[in-house]
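Trainee: Handing over run-v3.txt, compact mmCIF, C-alpha atoms and all ligand atoms.
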```txt
# COMPACT_ATOMS: atom_id res chain seq x y z
CA MET S 24 44.35 -4.24 49.63
CA LYS S 25 44.10 -4.15 45.90
CA SER S 26 45.84 -1.86 43.49
CA ASP S 27 46.31 1.78 44.44
CA ILE S 28 46.44 2.75 40.82
CA ARG S 29 43.72 5.15 39.82
CA VAL S 30 42.68 6.53 36.49
CA CYS S 31 41.50 10.01 35.53
CA SER S 32 37.70 9.95 35.63
CA ALA S 33 37.52 12.41 32.75
CA TRP S 34 40.18 10.90 30.53
CA ARG S 35 37.66 9.95 27.83
CA ALA S 36 36.82 13.60 27.32
CA VAL S 37 40.15 15.21 28.10
CA HIS S 38 42.93 12.80 27.17
CA ASP S 39 43.73 10.52 24.29
CA ARG S 40 44.27 7.60 26.62
CA PRO S 41 43.70 6.74 30.28
CA VAL S 42 45.88 8.77 32.63
CA TYR S 43 46.95 6.70 35.61
CA THR S 44 47.96 8.15 38.92
CA LEU S 45 48.54 7.14 42.51
CA SER S 46 46.91 10.28 43.88
CA ASP S 47 43.26 11.27 44.23
CA THR S 48 43.34 13.63 41.29
CA CYS S 49 44.61 13.54 37.75
CA PRO S 50 48.08 15.14 37.55
CA GLU S 51 47.33 16.47 34.08
CA CYS S 52 43.83 17.96 34.29
CA GLY S 53 43.01 17.91 38.02
CA ALA S 54 39.86 15.82 37.64
CA ASP S 55 38.99 13.21 40.21
CA ALA S 56 40.85 9.96 39.82
CA GLU S 57 38.85 6.79 40.24
CA ASN S 58 39.75 3.22 40.97
CA SER S 59 40.89 1.54 37.79
CA ALA S 60 40.34 -1.99 39.04
CA PRO S 61 37.56 -3.29 36.77
CA ALA S 62 38.86 -2.12 33.39
CA PRO S 63 40.60 1.03 32.23
CA PHE S 64 38.60 0.96 29.04
CA ASP S 65 34.84 0.72 29.09
CA PRO S 66 33.89 -1.62 26.23
CA ASN S 67 30.30 -0.46 26.63
CA ASP S 68 31.09 3.20 26.01
CA PRO S 69 29.41 3.79 22.64
CA HIS S 70 31.16 7.12 22.18
CA GLY S 71 34.69 5.99 22.97
CA GLU S 72 35.63 5.07 19.45
CA TYR S 73 33.96 8.18 18.06
CA ARG S 74 35.84 10.47 20.46
CA ARG S 75 39.14 8.81 19.68
CA ALA S 76 38.53 9.19 15.96
CA LEU S 77 37.58 12.82 16.46
CA LYS S 78 40.74 13.60 18.38
CA ARG S 79 42.83 11.91 15.75
CA ARG S 80 41.32 14.13 13.07
CA HIS S 81 42.11 17.27 15.02
CA ARG S 82 45.74 16.38 15.47
ZN ZN S 101 42.90 13.92 33.55
```
Render the structure in this file as structure tokens.
Ligand SMILES: [Zn+2]
Mentor:
Amino acid sequence: MKSDIRVCSAWRAVHDRPVYTLSDTCPECGADAENSAPAPFDPNDPHGEYRRALKRRHR
């Protein structure tokens, strides 16, 4: 069995960074948690950098 660590499936929209959990749902926003095995960051997400920049501006 591989890692049990999961990551919030909605973290890109809801959180500043991936939220890891051992349960089936995100402890912070309640969204489904998905297997984080491949890569926590999706290098192919064209909006990732934009969203992060946007959140930074709102801080
Ligand atoms: Zn979450």
Trainee: Any residue with an atom at most 8 Å from ligand ZN 101 (chain S) counts, using only C-alpha atoms and all ligand atoms. Which are they? Put them as a list in words.
Mentor: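 Result of the 8 Å neighbour search around ligand ZN 101 (chain S): Val30, Cys31, Ser32, Ala33, Trp34, Val37, His38, Pro41, Val42, Thr48, Cys49, Pro50, Glu51, Cys52, Gly53, Ala54, Asp55 and Ala56 of chain S.
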Trainee: What box, with edges along x, y and z, holds each listed atom of segment 30-43 of chain S when 8 Å is added on every side, and can you state its centre and edge lengths in Å to one decimal, as AutoDock Vina command-line options?
Mentor:
```
--center_x 41.9 --center_y 10.9 --center_z 30.4 --size_x 26.1 --size_y 24.7 --size_z 28.2
```
Trainee: Quick one, how far is atom CA of Arg79 of chain S from atom CA of Leu45 of chain S?
Mentor: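 Here the two named atoms are 27.8 Å from each other.
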Trainee: Counting only C-alpha atoms, which residues have an atom no more than 8 Å from (43.3, 9.4, 20.5) in the file's coordinates? Please list them as a ChimeraX atom specification.
Mentor: /S:38-40,74-79
